[in-house]
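Engineer: Following this message is one structure expressed as structure tokens.
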Amino acid sequence: MRSIAGLHHVTAIASDPQANLDFYRGVLGLRLVKLTVNFDDPTSYHFYYGDGQGHPGTILTFFAWPGARRGRIGTGQTQATGFTIAPAALPFWRDRLTARGIAFEEPAPRFDEQLLRFTDPDGLSIELVAPSQADARTGWAAGPLPAEAAIRGLHGTILREAATAPTARLLTETLGFQQVAVEGALARYATGEGGPGSVIDVLTSEPARGAVAVGTVHHIAWRTPSDAEQAEWLAQLTDEGHPVSPIMDRQYFHSIYFREPGGVLFEIATDPPGFATDETPEHLGEHLKLPPWLEVARADIEADLPKIVLTGSVPQ
Ligand code: ZN
């Protein structure tokens, strides 16, 4: 049976683009690997943050909607987005968050993992997870933070669901996950070898109406290694009765979208071609990039976008 190869990216919604850049680059030390616009709405920025190369599985992206209303987490949404750090980096992060006045919680270990939990400037819940299984990824080794403390990549996400059985069936019977642990109302699923970047937790919750808007996750994307395998996923999901989008060209990967039974928007995205298709690996994220079909309208698009400052916004 084919199985999903882990997380590709998570996409969330921000309000002020500058505050978002300053937090994810300046505080968390992620690399802005692509500065572009929402291809479906080119009046909004689309920021991609990741490791040095923007490898699949390290990517958190944002649509920036200045002035939009705050969202609310309900069932059928993701509760938190986790990045991994080395366990030895926990003191570094406690000090760094404290020095920047960012309040954080340090809850009891979850599945043997220590974590720090805080929110970004728009209220999005972020966790830095020190996993029990070592994360071999290096993060942005040449970034602004000491290499040993750098965020390695995505760890996983938490789906908040009123009825978990249909979601569990999709994960295990279609997408190739296995349930690997249960702790209270939280069940953990893993794909492949498991470990960082390959886990998703499903939280059983009372039904609660939420709203996908600023400070919430818009969708989560899973990896597939090739266009050929993506076509197989599209065929299989369609056969199983899931309404799936056509394949969309996202310039840095190709995507299909469908909703899991609880309501969270899932995407399956190809690993290739990656972020070095329209700029060199050394200069990722330094200039606004547009796909060919929007390049013709660059002057209008640039005139409508809020002004942002990229240089000098990566304080140590
Ligand atoms: Zn996406």
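Letters A, B, ... mark the chains of the structure tokens in the order given; residue numbers begin at 1 per chain; ligand numbers begin at 1, in order shown.
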Step by step, measure atom-to-atom distances between ligand 1 and each residue using only C-alpha atoms and all ligand atoms, keep those at most 10 Å, then write them as number ranges by chain.

Structural biologist: A: 8-12, 59-62, 218-222, 250, 253-257, 265-269

Engineer: Quick one: residues within 6 Å of stretch 13-18 of chain A, only C-alpha atoms, excluding same-chain residues fewer than 5 positions away - as a PyMOL selection string?

Structural biologist: chain A and resi 62-66+214-216+308

Engineer: Identify, on the basis of only C-alpha atoms, every residue whose closest approach to A:Glu113 does not exceed 6 Å; exclude the query and any residue fewer than 2 positions from it along the same chain; express the result as a PyMOL selection string.

Structural biologist: chain A and resi 109-111+130-132

Engineer: Out of stretch 43-183 of chain A, which residues get strand (DSSP E or B) from DSSP, as a PyMOL selection string?

Structural biologist: chain A and resi 43-50+59-64+70+72+77-84+105+110+113-119+125-130+153-161+178-183

Engineer: Would you return as a PDB file with N, CA, C and O atoms, in the first residue's frame the members of stretch 70-307 of chain A that DSSP assigns to alpha helix (DSSP H) on this structure's backbone?

Structural biologist:
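File written: selection29.pdb
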ATOM      1  N   LEU A  90      16.531  23.372  24.507  1.00  0.00           N
ATOM      2  CA  LEU A  90      15.408  23.915  25.295  1.00  0.00           C
ATOM      3  C   LEU A  90      15.815  25.146  26.117  1.00  0.00           C
ATOM      4  O   LEU A  90      15.103  26.157  26.099  1.00  0.00           O
ATOM      5  N   PRO A  91      16.969  25.119  26.820  1.00  0.00           N
ATOM      6  CA  PRO A  91      17.338  26.321  27.593  1.00  0.00           C
ATOM      7  C   PRO A  91      17.535  27.544  26.697  1.00  0.00           C
ATOM      8  O   PRO A  91      17.135  28.653  27.058  1.00  0.00           O
ATOM      9  N   PHE A  92      18.143  27.335  25.523  1.00  0.00           N
ATOM     10  CA  PHE A  92      18.334  28.441  24.574  1.00  0.00           C
ATOM     11  C   PHE A  92      16.990  29.074  24.246  1.00  0.00           C
ATOM     12  O   PHE A  92      16.839  30.304  24.257  1.00  0.00           O
ATOM     13  N   TRP A  93      15.985  28.239  23.972  1.00  0.00           N
ATOM     14  CA  TRP A  93      14.688  28.770  23.551  1.00  0.00           C
ATOM     15  C   TRP A  93      13.921  29.386  24.704  1.00  0.00           C
ATOM     16  O   TRP A  93      13.227  30.398  24.522  1.00  0.00           O
ATOM     17  N   ARG A  94      14.064  28.822  25.903  1.00  0.00           N
ATOM     18  CA  ARG A  94      13.428  29.464  27.071  1.00  0.00           C
ATOM     19  C   ARG A  94      13.984  30.874  27.240  1.00  0.00           C
ATOM     20  O   ARG A  94      13.235  31.833  27.419  1.00  0.00           O
ATOM     21  N   ASP A  95      15.308  31.000  27.128  1.00  0.00           N
ATOM     22  CA  ASP A  95      15.943  32.313  27.305  1.00  0.00           C
ATOM     23  C   ASP A  95      15.550  33.263  26.179  1.00  0.00           C
ATOM     24  O   ASP A  95      15.277  34.446  26.409  1.00  0.00           O
ATOM     25  N   ARG A  96      15.532  32.761  24.969  1.00  0.00           N
ATOM     26  CA  ARG A  96      15.263  33.617  23.812  1.00  0.00           C
ATOM     27  C   ARG A  96      13.832  34.164  23.851  1.00  0.00           C
ATOM     28  O   ARG A  96      13.597  35.343  23.607  1.00  0.00           O
ATOM     29  N   LEU A  97      12.893  33.301  24.157  1.00  0.00           N
ATOM     30  CA  LEU A  97      11.494  33.748  24.209  1.00  0.00           C
ATOM     31  C   LEU A  97      11.305  34.720  25.370  1.00  0.00           C
ATOM     32  O   LEU A  97      10.637  35.751  25.226  1.00  0.00           O
ATOM     33  N   THR A  98      11.915  34.409  26.502  1.00  0.00           N
ATOM     34  CA  THR A  98      11.799  35.286  27.671  1.00  0.00           C
ATOM     35  C   THR A  98      12.379  36.666  27.356  1.00  0.00           C
ATOM     36  O   THR A  98      11.764  37.698  27.640  1.00  0.00           O
ATOM     37  N   ALA A  99      13.574  36.685  26.723  1.00  0.00           N
ATOM     38  CA  ALA A  99      14.245  37.952  26.422  1.00  0.00           C
ATOM     39  C   ALA A  99      13.417  38.811  25.470  1.00  0.00           C
ATOM     40  O   ALA A  99      13.523  40.038  25.478  1.00  0.00           O
ATOM     41  N   ALA A 165     -13.382   8.824  14.366  1.00  0.00           N
ATOM     42  CA  ALA A 165     -13.284   7.551  13.622  1.00  0.00           C
ATOM     43  C   ALA A 165     -13.148   7.756  12.110  1.00  0.00           C
ATOM     44  O   ALA A 165     -12.284   7.118  11.482  1.00  0.00           O
ATOM     45  N   PRO A 166     -13.949   8.619  11.488  1.00  0.00           N
ATOM     46  CA  PRO A 166     -13.791   8.775  10.032  1.00  0.00           C
ATOM     47  C   PRO A 166     -12.412   9.334   9.649  1.00  0.00           C
ATOM     48  O   PRO A 166     -11.834   8.918   8.637  1.00  0.00           O
ATOM     49  N   THR A 167     -11.891  10.257  10.466  1.00  0.00           N
ATOM     50  CA  THR A 167     -10.557  10.794  10.192  1.00  0.00           C
ATOM     51  C   THR A 167      -9.510   9.706  10.357  1.00  0.00           C
ATOM     52  O   THR A 167      -8.588   9.570   9.538  1.00  0.00           O
ATOM     53  N   ALA A 168      -9.661   8.905  11.418  1.00  0.00           N
ATOM     54  CA  ALA A 168      -8.703   7.815  11.652  1.00  0.00           C
ATOM     55  C   ALA A 168      -8.723   6.829  10.490  1.00  0.00           C
ATOM     56  O   ALA A 168      -7.672   6.343  10.058  1.00  0.00           O
ATOM     57  N   ARG A 169      -9.918   6.561   9.955  1.00  0.00           N
ATOM     58  CA  ARG A 169     -10.001   5.629   8.815  1.00  0.00           C
ATOM     59  C   ARG A 169      -9.282   6.192   7.592  1.00  0.00           C
ATOM     60  O   ARG A 169      -8.570   5.479   6.891  1.00  0.00           O
ATOM     61  N   ASP A 227       5.002  13.486  -9.619  1.00  0.00           N
ATOM     62  CA  ASP A 227       3.716  13.752 -10.271  1.00  0.00           C
ATOM     63  C   ASP A 227       2.958  12.451 -10.519  1.00  0.00           C
ATOM     64  O   ASP A 227       1.732  12.409 -10.432  1.00  0.00           O
ATOM     65  N   ALA A 228       3.710  11.388 -10.851  1.00  0.00           N
ATOM     66  CA  ALA A 228       3.052  10.101 -11.148  1.00  0.00           C
ATOM     67  C   ALA A 228       2.314   9.584  -9.911  1.00  0.00           C
ATOM     68  O   ALA A 228       1.163   9.140  -9.995  1.00  0.00           O
ATOM     69  N   GLU A 229       2.991   9.659  -8.750  1.00  0.00           N
ATOM     70  CA  GLU A 229       2.321   9.172  -7.542  1.00  0.00           C
ATOM     71  C   GLU A 229       1.169  10.098  -7.145  1.00  0.00           C
ATOM     72  O   GLU A 229       0.143   9.650  -6.636  1.00  0.00           O
ATOM     73  N   GLN A 230       1.339  11.392  -7.390  1.00  0.00           N
ATOM     74  CA  GLN A 230       0.231  12.302  -7.093  1.00  0.00           C
ATOM     75  C   GLN A 230      -1.010  11.927  -7.909  1.00  0.00           C
ATOM     76  O   GLN A 230      -2.133  11.952  -7.395  1.00  0.00           O
ATOM     77  N   ALA A 231      -0.790  11.568  -9.169  1.00  0.00           N
ATOM     78  CA  ALA A 231      -1.925  11.164 -10.011  1.00  0.00           C
ATOM     79  C   ALA A 231      -2.595   9.914  -9.444  1.00  0.00           C
ATOM     80  O   ALA A 231      -3.820   9.767  -9.513  1.00  0.00           O
ATOM     81  N   GLU A 232      -1.797   9.022  -8.861  1.00  0.00           N
ATOM     82  CA  GLU A 232      -2.375   7.821  -8.236  1.00  0.00           C
ATOM     83  C   GLU A 232      -3.205   8.193  -7.008  1.00  0.00           C
ATOM     84  O   GLU A 232      -4.278   7.642  -6.775  1.00  0.00           O
ATOM     85  N   TRP A 233      -2.708   9.139  -6.219  1.00  0.00           N
ATOM     86  CA  TRP A 233      -3.494   9.611  -5.069  1.00  0.00           C
ATOM     87  C   TRP A 233      -4.806  10.224  -5.536  1.00  0.00           C
ATOM     88  O   TRP A 233      -5.867   9.993  -4.939  1.00  0.00           O
ATOM     89  N   LEU A 234      -4.730  11.030  -6.575  1.00  0.00           N
ATOM     90  CA  LEU A 234      -5.943  11.674  -7.100  1.00  0.00           C
ATOM     91  C   LEU A 234      -6.960  10.619  -7.523  1.00  0.00           C
ATOM     92  O   LEU A 234      -8.143  10.710  -7.190  1.00  0.00           O
ATOM     93  N   ALA A 235      -6.480   9.591  -8.212  1.00  0.00           N
ATOM     94  CA  ALA A 235      -7.390   8.537  -8.674  1.00  0.00           C
ATOM     95  C   ALA A 235      -7.978   7.771  -7.492  1.00  0.00           C
ATOM     96  O   ALA A 235      -9.186   7.506  -7.435  1.00  0.00           O
ATOM     97  N   GLN A 236      -7.124   7.447  -6.524  1.00  0.00           N
ATOM     98  CA  GLN A 236      -7.601   6.664  -5.382  1.00  0.00           C
ATOM     99  C   GLN A 236      -8.619   7.445  -4.550  1.00  0.00           C
ATOM    100  O   GLN A 236      -9.672   6.927  -4.171  1.00  0.00           O
ATOM    101  N   LEU A 237      -8.300   8.700  -4.248  1.00  0.00           N
ATOM    102  CA  LEU A 237      -9.226   9.514  -3.437  1.00  0.00           C
ATOM    103  C   LEU A 237     -10.553   9.693  -4.159  1.00  0.00           C
ATOM    104  O   LEU A 237     -11.625   9.638  -3.541  1.00  0.00           O
ATOM    105  N   THR A 238     -10.490   9.897  -5.465  1.00  0.00           N
ATOM    106  CA  THR A 238     -11.713  10.044  -6.252  1.00  0.00           C
ATOM    107  C   THR A 238     -12.525   8.757  -6.200  1.00  0.00           C
ATOM    108  O   THR A 238     -13.736   8.781  -5.974  1.00  0.00           O
ATOM    109  N   ASP A 239     -11.848   7.613  -6.386  1.00  0.00           N
ATOM    110  CA  ASP A 239     -12.528   6.309  -6.316  1.00  0.00           C
ATOM    111  C   ASP A 239     -13.218   6.111  -4.977  1.00  0.00           C
ATOM    112  O   ASP A 239     -14.272   5.488  -4.889  1.00  0.00           O
ATOM    113  N   PRO A 292       4.721  32.851 -14.103  1.00  0.00           N
ATOM    114  CA  PRO A 292       4.642  33.508 -15.414  1.00  0.00           C
ATOM    115  C   PRO A 292       3.277  34.141 -15.689  1.00  0.00           C
ATOM    116  O   PRO A 292       3.199  35.227 -16.268  1.00  0.00           O
ATOM    117  N   TRP A 293       2.210  33.481 -15.244  1.00  0.00           N
ATOM    118  CA  TRP A 293       0.891  34.009 -15.574  1.00  0.00           C
ATOM    119  C   TRP A 293       0.517  35.258 -14.762  1.00  0.00           C
ATOM    120  O   TRP A 293      -0.430  35.949 -15.084  1.00  0.00           O
ATOM    121  N   LEU A 294       1.298  35.563 -13.693  1.00  0.00           N
ATOM    122  CA  LEU A 294       1.086  36.806 -12.953  1.00  0.00           C
ATOM    123  C   LEU A 294       2.174  37.838 -13.247  1.00  0.00           C
ATOM    124  O   LEU A 294       1.999  39.028 -12.959  1.00  0.00           O
ATOM    125  N   GLU A 295       3.288  37.376 -13.784  1.00  0.00           N
ATOM    126  CA  GLU A 295       4.411  38.286 -14.070  1.00  0.00           C
ATOM    127  C   GLU A 295       3.957  39.436 -14.970  1.00  0.00           C
ATOM    128  O   GLU A 295       4.414  40.575 -14.809  1.00  0.00           O
ATOM    129  N   ARG A 298       2.891  42.387 -12.967  1.00  0.00           N
ATOM    130  CA  ARG A 298       3.750  42.691 -11.817  1.00  0.00           C
ATOM    131  C   ARG A 298       3.573  44.125 -11.312  1.00  0.00           C
ATOM    132  O   ARG A 298       3.475  44.349 -10.098  1.00  0.00           O
ATOM    133  N   ALA A 299       3.549  45.090 -12.195  1.00  0.00           N
ATOM    134  CA  ALA A 299       3.500  46.488 -11.742  1.00  0.00           C
ATOM    135  C   ALA A 299       2.248  46.735 -10.897  1.00  0.00           C
ATOM    136  O   ALA A 299       2.315  47.353  -9.821  1.00  0.00           O
ATOM    137  N   ASP A 300       1.111  46.231 -11.355  1.00  0.00           N
ATOM    138  CA  ASP A 300      -0.134  46.418 -10.603  1.00  0.00           C
ATOM    139  C   ASP A 300      -0.097  45.652  -9.280  1.00  0.00           C
ATOM    140  O   ASP A 300      -0.560  46.141  -8.248  1.00  0.00           O
ATOM    141  N   ILE A 301       0.427  44.434  -9.338  1.00  0.00           N
ATOM    142  CA  ILE A 301       0.480  43.608  -8.123  1.00  0.00           C
ATOM    143  C   ILE A 301       1.364  44.280  -7.074  1.00  0.00           C
ATOM    144  O   ILE A 301       0.979  44.412  -5.910  1.00  0.00           O
ATOM    145  N   GLU A 302       2.547  44.734  -7.498  1.00  0.00           N
ATOM    146  CA  GLU A 302       3.463  45.371  -6.544  1.00  0.00           C
ATOM    147  C   GLU A 302       2.858  46.643  -5.962  1.00  0.00           C
ATOM    148  O   GLU A 302       3.030  46.946  -4.783  1.00  0.00           O
ATOM    149  N   ALA A 303       2.133  47.393  -6.788  1.00  0.00           N
ATOM    150  CA  ALA A 303       1.544  48.644  -6.312  1.00  0.00           C
ATOM    151  C   ALA A 303       0.478  48.392  -5.245  1.00  0.00           C
ATOM    152  O   ALA A 303       0.278  49.219  -4.347  1.00  0.00           O
ATOM    153  N   ASP A 304      -0.202  47.242  -5.332  1.00  0.00           N
ATOM    154  CA  ASP A 304      -1.286  46.945  -4.390  1.00  0.00           C
ATOM    155  C   ASP A 304      -0.811  46.290  -3.095  1.00  0.00           C
ATOM    156  O   ASP A 304      -1.548  46.268  -2.111  1.00  0.00           O
TER     157      ASP A 304
END

Engineer: So the first atom is atom CA of A:Arg2 and the second is atom CA of A:Thr138; what is the distance between them in Å, to one decimal place?

Structural biologist: 27.5 Å

Engineer: When you look at A:Met1 with a cut-off of 10 Å (counting only C-alpha atoms), what residues show up, excluding the ones that are within fewer than 4 positions of it in the same chain? I need them as a ChimeraX atom specification.

Structural biologist: /A:173-176

Engineer: Selection from above, C-alpha atoms, as a short mmCIF file (atom, residue, chain, number, x, y, z; two decimals), in the first residue's frame, can you write it?

Structural biologist:
data_model
loop_
_atom_site.label_atom_id
_atom_site.label_comp_id
_atom_site.auth_asym_id
_atom_site.auth_seq_id
_atom_site.Cartn_x
_atom_site.Cartn_y
_atom_site.Cartn_z
CA GLU A 173 -6.86 2.95 5.42
CA THR A 174 -6.15 5.47 2.67
CA LEU A 175 -3.09 7.55 3.51
CA GLY A 176 -1.00 4.78 5.06
#

Engineer: Check the smallest atom-to-atom distance from each of A:Ala181, A:Glu161, A:Lys307, A:Ala149 to A:Asp112 using only C-alpha atoms, then report the winner.

Structural biologist: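 The closest residue to A:Asp112 is A:Ala181.
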
Engineer: In terms of the shortest atom-to-atom distance over only C-alpha atoms, which of A:Ala136, A:Tyr252, A:Thr81, A:Gly210 is closest to A:Arg117?

Structural biologist: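 Looking at the shortest contact to A:Arg117, the residue is A:Thr81.
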
Engineer: Determine, using only C-alpha atoms, which residues of stretch 247-297 of chain A have any atom at most 7 Å from an atom of stretch 52-56 of chain A, and tabulate each with its shortest atom pair and distance in Å to one decimal place, rows ordered by chain and then rising number, as CSV.

Structural biologist:
residue,atom,partner,partner_atom,distance
A:Asp271,CA,A:Pro56,CA,6.2
A:Phe275,CA,A:Gly54,CA,6.6
A:Pro281,CA,A:Gln53,CA,6.5

Engineer: Using only C-alpha atoms, what does the table of stretch 31-138 of chain A residues within 8 Å of stretch 154-157 of chain A look like, with each row giving the shortest atom pair and its distance in Å to one decimal, sorted by chain and ascending number, as a Markdown table?

Structural biologist:
| residue | atom | partner | partner_atom | distance |
| --- | --- | --- | --- | --- |
| A:Gly57 | CA | A:Leu154 | CA | 5.7 |
| A:Thr58 | CA | A:Leu154 | CA | 5.0 |
| A:Ile59 | CA | A:Leu154 | CA | 7.0 |
| A:Leu60 | CA | A:Leu154 | CA | 7.9 |
| A:Thr78 | CA | A:Thr157 | CA | 6.8 |
| A:Gln79 | CA | A:Thr157 | CA | 7.4 |
| A:Ala80 | CA | A:Thr157 | CA | 5.8 |
| A:Thr81 | CA | A:Thr157 | CA | 4.8 |
| A:Gly82 | CA | A:His155 | CA | 5.0 |
| A:Phe83 | CA | A:Leu154 | CA | 4.3 |
| A:Thr84 | CA | A:His155 | CA | 5.2 |
| A:Val129 | CA | A:His155 | CA | 7.1 |

Engineer: How many Å lie between atom CA of A:Asp201 and atom CA of A:Leu171, rounded to one decimal?

Structural biologist: 10.8 Å

Engineer: Give me, as a list in words, all polymer residues having an atom no more than 10 Å from A:Pro146, counting only C-alpha atoms and skipping those fewer than 6 positions away in the same chain.

Structural biologist: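 Using only C-alpha atoms, the neighbours found are Gly29, Ala89, Phe92, Trp140 and Gln316 of chain A.
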
Engineer: So that I have them on file, write out the residues from the current selection with C-alpha atoms, as a compact mmCIF listing (two decimals), in the first residue's frame.

Structural biologist:
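This went into part.txt:
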# COMPACT_ATOMS: atom_id res chain seq x y z
CA GLY A 29 15.25 32.11 12.92
CA ALA A 89 18.30 23.54 22.82
CA PHE A 92 18.33 28.44 24.57
CA TRP A 140 19.07 26.31 8.58
CA GLN A 316 20.13 37.78 16.47

Engineer: Could you give me, as a tab-separated table, a per-residue list for stretch 246-310 of chain A showing, wherever an atom lies at most 8 Å from an atom of stretch 30-34 of chain A, the closest pair of atoms and their distance in Å to one decimal, using only C-alpha atoms and sorting by chain then residue number from low to high?

Structural biologist:
residue	atom	partner	partner_atom	distance
A:Phe275	CA	A:Lys34	CA	7.0
A:Leu284	CA	A:Val33	CA	4.9
A:Gly285	CA	A:Lys34	CA	4.1
A:Glu286	CA	A:Lys34	CA	7.7
A:Leu288	CA	A:Lys34	CA	7.8
A:Lys289	CA	A:Lys34	CA	7.5
